[in-house]
>>> print(open('run-v1.tsv').read())   # TSV, C-alpha atoms and all ligand atoms
chain	number	residue	atom	x	y	z
Y	10	MET	CA	67.93	124.26	53.59
Y	11	GLU	CA	65.28	126.23	55.42
Y	12	ILE	CA	61.56	125.57	54.85
Y	13	ILE	CA	59.34	128.65	54.92
Y	14	ASP	CA	55.51	128.61	55.00
Y	15	LEU	CA	54.17	131.21	52.59
Y	16	LEU	CA	50.57	129.97	52.36
Y	17	PRO	CA	48.81	126.86	53.73
Y	18	ASP	CA	49.62	125.10	50.42
Y	19	LEU	CA	52.89	126.84	49.53
Y	20	ARG	CA	56.33	126.19	50.97
Y	21	MET	CA	59.58	127.83	50.02
Y	22	LEU	CA	62.63	125.55	50.04
Y	23	ARG	CA	65.29	128.10	50.82
Y	24	PHE	CA	68.52	126.64	49.51
Y	25	GLU	CA	71.86	128.38	49.73
Y	26	VAL	CA	71.71	128.85	45.95
Y	27	GLY	CA	68.57	128.66	43.80
Y	28	HIS	CA	65.34	128.31	45.78
Y	29	ALA	CA	62.60	125.81	45.01
Y	30	TYR	CA	58.90	125.95	45.88
Y	31	LEU	CA	56.40	123.25	46.78
Y	32	TRP	CA	52.72	123.69	45.95
Y	33	ARG	CA	50.08	121.31	47.32
Y	34	ASP	CA	46.83	120.33	45.59
Y	35	PRO	CA	44.40	117.58	46.67
Y	36	ASP	CA	45.78	115.31	43.91
Y	37	GLY	CA	49.44	115.76	44.82
Y	38	LEU	CA	52.40	118.09	44.86
Y	39	THR	CA	54.09	120.35	42.34
Y	40	LEU	CA	57.74	121.29	42.68
Y	41	ILE	CA	58.85	124.51	41.04
Y	42	ASP	CA	62.60	124.25	40.39
Y	43	THR	CA	64.77	121.72	42.17
Y	44	GLY	CA	67.94	123.35	43.53
Y	45	VAL	CA	71.43	122.15	42.66
Y	46	ALA	CA	72.30	118.50	42.00
Y	47	GLY	CA	72.07	116.42	45.18
Y	48	SER	CA	69.15	118.33	46.74
Y	49	GLY	CA	66.80	115.32	46.56
Y	50	PRO	CA	67.04	114.34	50.25
Y	51	GLU	CA	66.28	117.91	51.34
Y	52	ILE	CA	63.34	118.15	48.95
Y	53	GLU	CA	62.06	114.86	50.38
Y	54	ARG	CA	62.37	116.31	53.88
Y	55	ALA	CA	60.16	119.25	52.83
Y	56	VAL	CA	57.63	116.86	51.27
Y	57	ARG	CA	57.48	114.78	54.47
Y	58	GLY	CA	57.18	117.99	56.49
Y	59	ILE	CA	53.74	118.59	55.01
Y	60	GLY	CA	52.64	115.01	55.62
Y	61	HIS	CA	53.34	113.59	52.17
Y	62	GLU	CA	55.57	110.95	50.62
Y	63	ARG	CA	57.99	111.64	47.80
Y	64	GLY	CA	55.78	109.59	45.47
Y	65	ASP	CA	53.13	112.31	45.86
Y	66	VAL	CA	55.17	114.72	43.70
Y	67	ARG	CA	53.18	114.80	40.43
Y	68	ARG	CA	54.78	117.71	38.57
Y	69	VAL	CA	58.18	119.36	38.33
Y	70	VAL	CA	58.17	122.73	36.57
Y	71	LEU	CA	61.58	124.15	35.65
Y	72	THR	CA	61.67	127.92	35.19
Y	73	HIS	CA	64.86	127.70	33.08
Y	74	PHE	CA	67.83	125.46	32.36
Y	75	HIS	CA	70.41	126.81	34.88
Y	76	GLU	CA	72.00	124.12	37.03
Y	77	ASP	CA	70.86	125.68	40.33
Y	78	HIS	CA	67.25	125.19	39.20
Y	79	THR	CA	67.37	121.91	37.27
Y	80	GLY	CA	70.09	120.19	39.32
Y	81	SER	CA	67.87	117.71	41.16
Y	82	ALA	CA	65.13	117.35	38.54
Y	83	ALA	CA	66.43	113.99	37.28
Y	84	GLU	CA	66.42	112.62	40.82
Y	85	VAL	CA	62.88	113.84	41.61
Y	86	ALA	CA	61.62	112.65	38.20
Y	87	GLY	CA	62.45	109.11	39.32
Y	88	TRP	CA	60.30	109.24	42.45
Y	89	GLY	CA	57.04	108.17	40.78
Y	90	ASP	CA	54.45	109.39	38.32
Y	91	VAL	CA	56.05	112.78	37.65
Y	92	THR	CA	55.47	115.08	34.67
Y	93	VAL	CA	58.56	117.22	34.03
Y	94	MET	CA	57.87	120.57	32.35
Y	95	ALA	CA	60.12	123.33	31.01
Y	96	GLY	CA	59.95	126.21	28.55
Y	97	ARG	CA	60.17	125.03	24.94
Y	98	ALA	CA	63.38	126.88	24.06
Y	99	ASP	CA	65.20	125.59	27.17
Y	100	ALA	CA	64.03	121.98	26.85
Y	101	PRO	CA	66.94	120.80	24.63
Y	102	VAL	CA	69.43	122.07	27.26
Y	103	VAL	CA	67.46	120.49	30.12
Y	104	ARG	CA	67.50	117.18	28.22
Y	105	GLY	CA	71.26	117.46	27.74
Y	106	GLU	CA	70.97	117.60	23.93
Y	107	VAL	CA	72.56	121.06	23.75
Y	108	PRO	CA	75.24	122.48	26.11
Y	109	PRO	CA	74.05	125.39	28.29
Y	110	PRO	CA	74.93	128.71	26.62
Y	111	PRO	CA	76.81	131.08	28.98
Y	112	PRO	CA	75.38	134.50	29.88
Y	113	VAL	CA	76.18	137.54	27.74
Y	114	LEU	CA	77.42	140.22	30.12
Y	115	THR	CA	78.69	142.88	27.70
Y	116	ASP	CA	75.88	145.30	28.63
Y	117	ALA	CA	75.68	144.21	32.29
Y	118	PRO	CA	76.90	146.54	35.06
Y	119	ALA	CA	80.49	146.08	36.27
Y	120	TRP	CA	79.37	144.62	39.63
Y	121	GLU	CA	77.45	141.88	37.82
Y	122	ARG	CA	80.45	140.94	35.66
Y	123	GLU	CA	82.58	140.83	38.82
Y	124	LEU	CA	79.99	138.67	40.57
Y	125	TYR	CA	80.07	136.24	37.64
Y	126	GLU	CA	83.87	136.05	37.61
Y	127	ASN	CA	83.90	135.21	41.34
Y	128	LYS	CA	80.95	132.84	41.22
Y	129	PRO	CA	81.77	129.51	42.88
Y	130	PRO	CA	81.34	126.64	40.42
Y	131	LEU	CA	78.16	124.58	40.82
Y	132	PRO	CA	77.81	120.87	40.09
Y	133	PRO	CA	76.48	120.33	36.55
Y	134	ALA	CA	72.81	119.37	36.29
Y	135	PRO	CA	72.27	115.76	35.20
Y	136	PRO	CA	70.09	115.71	32.06
Y	137	VAL	CA	66.41	115.02	32.65
Y	138	ARG	CA	63.51	114.21	30.35
Y	139	VAL	CA	61.04	116.98	29.56
Y	140	ASP	CA	57.57	115.48	29.24
Y	141	ARG	CA	55.83	118.72	28.38
Y	142	GLU	CA	57.32	121.79	26.71
Y	143	LEU	CA	55.66	125.00	27.85
Y	144	ALA	CA	54.84	128.22	26.03
Y	145	ASP	CA	53.41	131.60	27.01
Y	146	GLY	CA	49.70	131.32	27.76
Y	147	ASP	CA	49.65	127.61	28.59
Y	148	VAL	CA	47.48	126.74	31.59
Y	149	LEU	CA	48.70	124.00	33.93
Y	150	ASP	CA	46.50	121.74	36.03
Y	151	PHE	CA	47.69	122.77	39.46
Y	152	GLY	CA	47.06	125.70	41.76
Y	153	GLY	CA	43.56	126.16	40.35
Y	154	GLY	CA	44.86	126.74	36.80
Y	155	THR	CA	48.38	128.12	36.72
Y	156	ARG	CA	49.29	130.36	33.79
Y	157	VAL	CA	52.65	130.08	32.06
Y	158	VAL	CA	54.09	133.51	31.33
Y	159	GLY	CA	56.96	133.55	28.86
Y	160	ALA	CA	59.86	135.55	30.31
Y	161	PRO	CA	62.68	135.30	27.73
Y	162	GLY	CA	65.97	137.07	28.31
Y	163	HIS	CA	67.53	135.39	31.34
Y	164	THR	CA	67.49	132.35	29.08
Y	165	GLU	CA	65.57	132.03	25.84
Y	166	GLY	CA	63.07	129.57	27.34
Y	167	SER	CA	62.68	131.20	30.78
Y	168	ILE	CA	59.13	131.03	32.09
Y	169	ALA	CA	57.29	132.53	35.03
Y	170	LEU	CA	54.23	130.91	36.62
Y	171	TYR	CA	51.20	132.89	37.75
Y	172	LEU	CA	48.43	131.57	40.01
Y	173	PRO	CA	45.53	134.02	39.53
Y	174	ASP	CA	43.45	133.03	42.55
Y	175	PRO	CA	46.07	133.26	45.30
Y	176	ARG	CA	47.80	135.94	43.12
Y	177	VAL	CA	51.16	134.21	43.44
Y	178	LEU	CA	53.94	134.75	40.90
Y	179	PHE	CA	57.01	132.56	40.50
Y	180	THR	CA	59.51	134.60	38.51
Y	181	GLY	CA	62.38	132.14	38.16
Y	182	ASP	CA	65.44	134.30	37.56
Y	183	ALA	CA	63.63	136.93	35.49
Y	184	VAL	CA	63.50	138.88	38.77
Y	185	ALA	CA	65.57	138.51	41.95
Y	186	ASN	CA	65.60	139.95	45.43
Y	187	VAL	CA	69.12	140.92	46.44
Y	188	GLY	CA	69.70	142.25	49.95
Y	189	GLY	CA	66.03	143.22	50.27
Y	190	ARG	CA	65.98	144.98	46.87
Y	191	THR	CA	63.88	143.65	44.01
Y	192	VAL	CA	66.01	143.75	40.87
Y	193	LEU	CA	66.42	142.30	37.41
Y	194	GLY	CA	67.88	138.78	37.63
Y	195	VAL	CA	71.60	138.50	36.92
Y	196	PHE	CA	73.61	136.52	34.35
Y	197	ASN	CA	71.20	137.01	31.46
Y	198	LEU	CA	71.62	135.76	27.92
Y	199	ASP	CA	69.85	138.86	26.56
Y	200	ARG	CA	69.63	141.74	29.01
Y	201	SER	CA	67.28	143.97	26.99
Y	202	ARG	CA	64.78	141.15	26.50
Y	203	ALA	CA	65.10	140.30	30.21
Y	204	LEU	CA	64.19	143.90	31.07
Y	205	ALA	CA	61.12	143.71	28.83
Y	206	SER	CA	60.08	140.46	30.52
Y	207	PHE	CA	60.57	142.03	33.97
Y	208	ARG	CA	58.26	144.92	33.01
Y	209	ARG	CA	55.64	142.51	31.70
Y	210	LEU	CA	55.68	140.44	34.91
Y	211	ALA	CA	55.36	143.61	36.99
Y	212	GLU	CA	51.97	144.30	35.38
Y	213	LEU	CA	50.41	141.14	36.86
Y	214	PRO	CA	48.24	141.69	39.97
Y	215	THR	CA	50.45	139.85	42.46
Y	216	ASP	CA	50.30	139.51	46.25
Y	217	ILE	CA	53.23	137.11	46.71
Y	218	ALA	CA	56.26	137.14	44.40
Y	219	CYS	CA	58.62	134.16	44.66
Y	220	PHE	CA	62.10	134.45	43.19
Y	221	GLY	CA	64.83	132.00	42.28
Y	222	HIS	CA	67.22	134.01	44.44
Y	223	GLY	CA	66.34	136.05	47.54
Y	224	ASP	CA	63.38	136.35	49.88
Y	225	PRO	CA	59.83	136.48	48.51
Y	226	VAL	CA	57.88	139.72	48.60
Y	227	VAL	CA	54.70	139.02	50.56
Y	228	GLY	CA	51.72	141.40	50.41
Y	229	ASP	CA	51.11	143.71	47.44
Y	230	ALA	CA	54.15	142.42	45.61
Y	231	SER	CA	52.85	144.23	42.51
Y	232	ALA	CA	53.83	147.60	43.95
Y	233	ALA	CA	57.38	146.43	44.66
Y	234	LEU	CA	57.69	144.81	41.23
Y	235	ARG	CA	56.36	147.85	39.37
Y	236	ALA	CA	58.71	150.21	41.22
Y	237	ALA	CA	61.68	147.91	40.63
Y	238	ALA	CA	60.84	147.39	36.96
Y	239	ALA	CA	60.49	151.14	36.41
Y	240	ALA	CA	63.91	151.71	38.02
Y	241	ALA	CA	65.67	148.86	36.18
Y	242	ARG	CA	68.02	149.82	33.32
H	301	ZN	ZN	69.34	131.45	36.28
>>> encode(input="run-v1.tsv", output="structure tokens")
Amino acid sequence: MEIIDLLPDLRMLRFEVGHAYLWRDPDGLTLIDTGVAGSGPEIERAVRGIGHERGDVRRVVLTHFHEDHTGSAAEVAGWGDVTVMAGRADAPVVRGEVPPPPPVLTDAPAWERELYENKPPLPPAPPVRVDRELADGDVLDFGGGTRVVGAPGHTEGSIALYLPDPRVLFTGDAVANVGGRTVLGVFNLDRSRALASFRRLAELPTDIACFGHGDPVVGDASAALRAAAAAAR
């Protein structure tokens, strides 16, 4: 894992698969997604790297139920006084009450279906409690008031997070950056709804866009997102 400074209070935890992000407030840390199962020690290394202890993690926000985002949530949830949050429709999967539905690739391009067929298997995500179920429009008490933006399509309960003051957007897998190109995320449950969510996210005034897969876009990310959303089919 590589740790990348995006802002004084924002680190990217660049995992091989499924990135996570660490946001710092005076009252503690917020982890956005958690990488695959077994990433706890690397997350702890990132936490220590900014002068904190793992017990300082106060919130874990999961953008959706996929195992490369929720894999280490159960581990981190045991570190201390942690509130685990996820989109309402994904919460039963995150809790392990419902098996994760596979993507529906019938209307996906051939390259995406091929990518899915050749995807190396990932360790399953251990179930984790969800203390707070999130919905579009909710405001969270970190990052100066972070807005939850519903982004259904990749999964039913996919959420994005928007920090209005630093104009930072965490897209989860609603959007990805593949080989320097900003594109619709892959392996969606409902591609047409995912496209609509992508277009909605692109309307937000964003300086830094952080994705679940691929490098962030730093500096007028809105322009890149709008162009990519307009080109997406
Ligand atoms: Zn995903």
>>> closest_atom_pairs(input="run-v1.tsv", of="region 154-187 of chain Y", to="region 82-101 of chain Y", cutoff="10 Å", atoms="all atoms listed in the file", output="tab-separated table")
residue	atom	partner	partner_atom	distance
Y:Val157	CA	Y:Gly96	CA	9.0
Y:Val158	CA	Y:Gly96	CA	9.8
Y:Gly159	CA	Y:Gly96	CA	7.9
Y:Ala160	CA	Y:Gly96	CA	9.5
Y:Pro161	CA	Y:Ala98	CA	9.2
Y:Thr164	CA	Y:Asp99	CA	7.4
Y:Glu165	CA	Y:Ala98	CA	5.9
Y:Gly166	CA	Y:Ala98	CA	4.3
Y:Ser167	CA	Y:Gly96	CA	6.1
Y:Ile168	CA	Y:Gly96	CA	6.0
Y:Ala169	CA	Y:Gly96	CA	9.4
>>> residues_near_ligand(input="run-v1.tsv", ligand="ligand ZN 301 (chain H)", cutoff="7 Å", atoms="only C-alpha atoms and all ligand atoms", output="MDAnalysis selection string")
chainID Y and resid 73 75 163 182 196
>>> atom_distance(input="run-v1.tsv", atom1="CA of Ala218 (chain Y)", atom2="CA of Leu178 (chain Y)")
4.8 Å
>>> residues_around(input="run-v1.tsv", residues="region 221-230 of chain Y", least_positions_apart="3", cutoff="6 Å", atoms="only C-alpha atoms", output="PyMOL selection string")
chain Y and resi 27-28+181-182+185-187+215-218+233
>>> atom_distance(input="run-v1.tsv", atom1="CA of Arg104 (chain Y)", atom2="CA of Ala55 (chain Y)")
25.8 Å
>>> atom_distance(input="run-v1.tsv", atom1="CA of His61 (chain Y)", atom2="CA of Arg33 (chain Y)")
9.7 Å
>>> closest_residue(input="run-v1.tsv", among="Y:Leu15, Y:Leu149, Y:Met10, Y:Leu143", to="Pro50 (chain Y)", atoms="only C-alpha atoms")
Y:Met10
>>> closest_residue(input="run-v1.tsv", among="Y:Thr115, Y:Ala29, Y:Glu106, Y:Arg122", to="Thr79 (chain Y)", atoms="all atoms listed in the file")
Y:Ala29
>>> closest_residue(input="run-v1.tsv", among="Y:Arg208, Y:His78, Y:Arg156, Y:Arg23", to="Ala46 (chain Y)", atoms="all atoms listed in the file")
Y:His78
>>> closest_residue(input="run-v1.tsv", among="Y:Ser231, Y:Phe207, Y:Ile59, Y:Ala144", to="Asp18 (chain Y)", atoms="all atoms listed in the file")
Y:Ile59
>>> build_atoms(input="run-v1.tsv", residues="region 93-128 of chain Y", atoms="N, CA and C atoms", output="PDB file, in the coordinates of the input")
ATOM      1  N   VAL Y  93      57.530 116.173  33.999  1.00  0.00           N
ATOM      2  CA  VAL Y  93      58.560 117.220  34.030  1.00  0.00           C
ATOM      3  C   VAL Y  93      58.255 118.221  32.922  1.00  0.00           C
ATOM      4  N   MET Y  94      58.229 119.509  33.300  1.00  0.00           N
ATOM      5  CA  MET Y  94      57.870 120.570  32.350  1.00  0.00           C
ATOM      6  C   MET Y  94      58.943 121.655  32.343  1.00  0.00           C
ATOM      7  N   ALA Y  95      59.170 122.218  31.154  1.00  0.00           N
ATOM      8  CA  ALA Y  95      60.120 123.330  31.010  1.00  0.00           C
ATOM      9  C   ALA Y  95      59.742 124.123  29.780  1.00  0.00           C
ATOM     10  N   GLY Y  96      60.200 125.365  29.720  1.00  0.00           N
ATOM     11  CA  GLY Y  96      59.950 126.210  28.550  1.00  0.00           C
ATOM     12  C   GLY Y  96      60.529 125.569  27.294  1.00  0.00           C
ATOM     13  N   ARG Y  97      59.796 125.729  26.180  1.00  0.00           N
ATOM     14  CA  ARG Y  97      60.170 125.030  24.940  1.00  0.00           C
ATOM     15  C   ARG Y  97      61.611 125.300  24.525  1.00  0.00           C
ATOM     16  N   ALA Y  98      62.043 126.553  24.568  1.00  0.00           N
ATOM     17  CA  ALA Y  98      63.380 126.880  24.060  1.00  0.00           C
ATOM     18  C   ALA Y  98      64.492 126.363  24.976  1.00  0.00           C
ATOM     19  N   ASP Y  99      64.181 126.117  26.246  1.00  0.00           N
ATOM     20  CA  ASP Y  99      65.200 125.590  27.170  1.00  0.00           C
ATOM     21  C   ASP Y  99      65.201 124.065  27.231  1.00  0.00           C
ATOM     22  N   ALA Y 100      64.169 123.440  26.709  1.00  0.00           N
ATOM     23  CA  ALA Y 100      64.030 121.980  26.850  1.00  0.00           C
ATOM     24  C   ALA Y 100      65.230 121.203  26.300  1.00  0.00           C
ATOM     25  N   PRO Y 101      65.791 121.572  25.126  1.00  0.00           N
ATOM     26  CA  PRO Y 101      66.940 120.800  24.630  1.00  0.00           C
ATOM     27  C   PRO Y 101      68.151 120.857  25.577  1.00  0.00           C
ATOM     28  N   VAL Y 102      68.328 121.974  26.286  1.00  0.00           N
ATOM     29  CA  VAL Y 102      69.430 122.070  27.260  1.00  0.00           C
ATOM     30  C   VAL Y 102      69.108 121.209  28.476  1.00  0.00           C
ATOM     31  N   VAL Y 103      67.868 121.273  28.943  1.00  0.00           N
ATOM     32  CA  VAL Y 103      67.460 120.490  30.120  1.00  0.00           C
ATOM     33  C   VAL Y 103      67.641 118.994  29.836  1.00  0.00           C
ATOM     34  N   ARG Y 104      67.360 118.609  28.590  1.00  0.00           N
ATOM     35  CA  ARG Y 104      67.500 117.180  28.220  1.00  0.00           C
ATOM     36  C   ARG Y 104      68.957 116.784  27.987  1.00  0.00           C
ATOM     37  N   GLY Y 105      69.854 117.773  27.958  1.00  0.00           N
ATOM     38  CA  GLY Y 105      71.260 117.460  27.740  1.00  0.00           C
ATOM     39  C   GLY Y 105      71.611 117.300  26.269  1.00  0.00           C
ATOM     40  N   GLU Y 106      70.705 117.723  25.367  1.00  0.00           N
ATOM     41  CA  GLU Y 106      70.970 117.600  23.930  1.00  0.00           C
ATOM     42  C   GLU Y 106      71.859 118.732  23.423  1.00  0.00           C
ATOM     43  N   VAL Y 107      71.834 119.846  24.143  1.00  0.00           N
ATOM     44  CA  VAL Y 107      72.560 121.060  23.750  1.00  0.00           C
ATOM     45  C   VAL Y 107      73.281 121.571  25.000  1.00  0.00           C
ATOM     46  N   PRO Y 108      74.569 121.964  24.909  1.00  0.00           N
ATOM     47  CA  PRO Y 108      75.240 122.480  26.110  1.00  0.00           C
ATOM     48  C   PRO Y 108      74.633 123.825  26.536  1.00  0.00           C
ATOM     49  N   PRO Y 109      74.651 124.128  27.835  1.00  0.00           N
ATOM     50  CA  PRO Y 109      74.050 125.390  28.290  1.00  0.00           C
ATOM     51  C   PRO Y 109      74.837 126.594  27.793  1.00  0.00           C
ATOM     52  N   PRO Y 110      74.204 127.506  27.055  1.00  0.00           N
ATOM     53  CA  PRO Y 110      74.930 128.710  26.620  1.00  0.00           C
ATOM     54  C   PRO Y 110      75.252 129.605  27.807  1.00  0.00           C
ATOM     55  N   PRO Y 111      76.460 130.199  27.854  1.00  0.00           N
ATOM     56  CA  PRO Y 111      76.810 131.080  28.980  1.00  0.00           C
ATOM     57  C   PRO Y 111      76.108 132.430  28.843  1.00  0.00           C
ATOM     58  N   PRO Y 112      76.002 133.180  29.962  1.00  0.00           N
ATOM     59  CA  PRO Y 112      75.380 134.500  29.880  1.00  0.00           C
ATOM     60  C   PRO Y 112      76.197 135.466  29.025  1.00  0.00           C
ATOM     61  N   VAL Y 113      75.521 136.487  28.527  1.00  0.00           N
ATOM     62  CA  VAL Y 113      76.180 137.540  27.740  1.00  0.00           C
ATOM     63  C   VAL Y 113      76.169 138.796  28.601  1.00  0.00           C
ATOM     64  N   LEU Y 114      77.357 139.175  29.094  1.00  0.00           N
ATOM     65  CA  LEU Y 114      77.420 140.220  30.120  1.00  0.00           C
ATOM     66  C   LEU Y 114      77.990 141.534  29.591  1.00  0.00           C
ATOM     67  N   THR Y 115      78.069 141.665  28.256  1.00  0.00           N
ATOM     68  CA  THR Y 115      78.690 142.880  27.700  1.00  0.00           C
ATOM     69  C   THR Y 115      77.951 144.147  28.111  1.00  0.00           C
ATOM     70  N   ASP Y 116      76.618 144.092  28.221  1.00  0.00           N
ATOM     71  CA  ASP Y 116      75.880 145.300  28.630  1.00  0.00           C
ATOM     72  C   ASP Y 116      75.413 145.222  30.086  1.00  0.00           C
ATOM     73  N   ALA Y 117      76.015 144.303  30.862  1.00  0.00           N
ATOM     74  CA  ALA Y 117      75.680 144.210  32.290  1.00  0.00           C
ATOM     75  C   ALA Y 117      76.550 145.196  33.075  1.00  0.00           C
ATOM     76  N   PRO Y 118      76.065 145.640  34.257  1.00  0.00           N
ATOM     77  CA  PRO Y 118      76.900 146.540  35.060  1.00  0.00           C
ATOM     78  C   PRO Y 118      78.167 145.828  35.546  1.00  0.00           C
ATOM     79  N   ALA Y 119      79.190 146.629  35.878  1.00  0.00           N
ATOM     80  CA  ALA Y 119      80.490 146.080  36.270  1.00  0.00           C
ATOM     81  C   ALA Y 119      80.362 145.129  37.455  1.00  0.00           C
ATOM     82  N   TRP Y 120      79.485 145.466  38.434  1.00  0.00           N
ATOM     83  CA  TRP Y 120      79.370 144.620  39.630  1.00  0.00           C
ATOM     84  C   TRP Y 120      78.849 143.229  39.261  1.00  0.00           C
ATOM     85  N   GLU Y 121      77.994 143.181  38.222  1.00  0.00           N
ATOM     86  CA  GLU Y 121      77.450 141.880  37.820  1.00  0.00           C
ATOM     87  C   GLU Y 121      78.530 141.035  37.137  1.00  0.00           C
ATOM     88  N   ARG Y 122      79.357 141.683  36.317  1.00  0.00           N
ATOM     89  CA  ARG Y 122      80.450 140.940  35.660  1.00  0.00           C
ATOM     90  C   ARG Y 122      81.426 140.407  36.715  1.00  0.00           C
ATOM     91  N   GLU Y 123      81.668 141.227  37.740  1.00  0.00           N
ATOM     92  CA  GLU Y 123      82.580 140.830  38.820  1.00  0.00           C
ATOM     93  C   GLU Y 123      81.994 139.641  39.607  1.00  0.00           C
ATOM     94  N   LEU Y 124      80.697 139.744  39.864  1.00  0.00           N
ATOM     95  CA  LEU Y 124      79.990 138.670  40.570  1.00  0.00           C
ATOM     96  C   LEU Y 124      80.123 137.355  39.805  1.00  0.00           C
ATOM     97  N   TYR Y 125      79.996 137.449  38.477  1.00  0.00           N
ATOM     98  CA  TYR Y 125      80.070 136.240  37.640  1.00  0.00           C
ATOM     99  C   TYR Y 125      81.477 135.646  37.670  1.00  0.00           C
ATOM    100  N   GLU Y 126      82.479 136.538  37.612  1.00  0.00           N
ATOM    101  CA  GLU Y 126      83.870 136.050  37.610  1.00  0.00           C
ATOM    102  C   GLU Y 126      84.214 135.351  38.929  1.00  0.00           C
ATOM    103  N   ASN Y 127      83.590 135.792  40.024  1.00  0.00           N
ATOM    104  CA  ASN Y 127      83.900 135.210  41.340  1.00  0.00           C
ATOM    105  C   ASN Y 127      82.890 134.159  41.792  1.00  0.00           C
ATOM    106  N   LYS Y 128      82.010 133.785  40.885  1.00  0.00           N
ATOM    107  CA  LYS Y 128      80.950 132.840  41.220  1.00  0.00           C
ATOM    108  C   LYS Y 128      81.559 131.463  41.490  1.00  0.00           C
TER     109      LYS Y 128
END
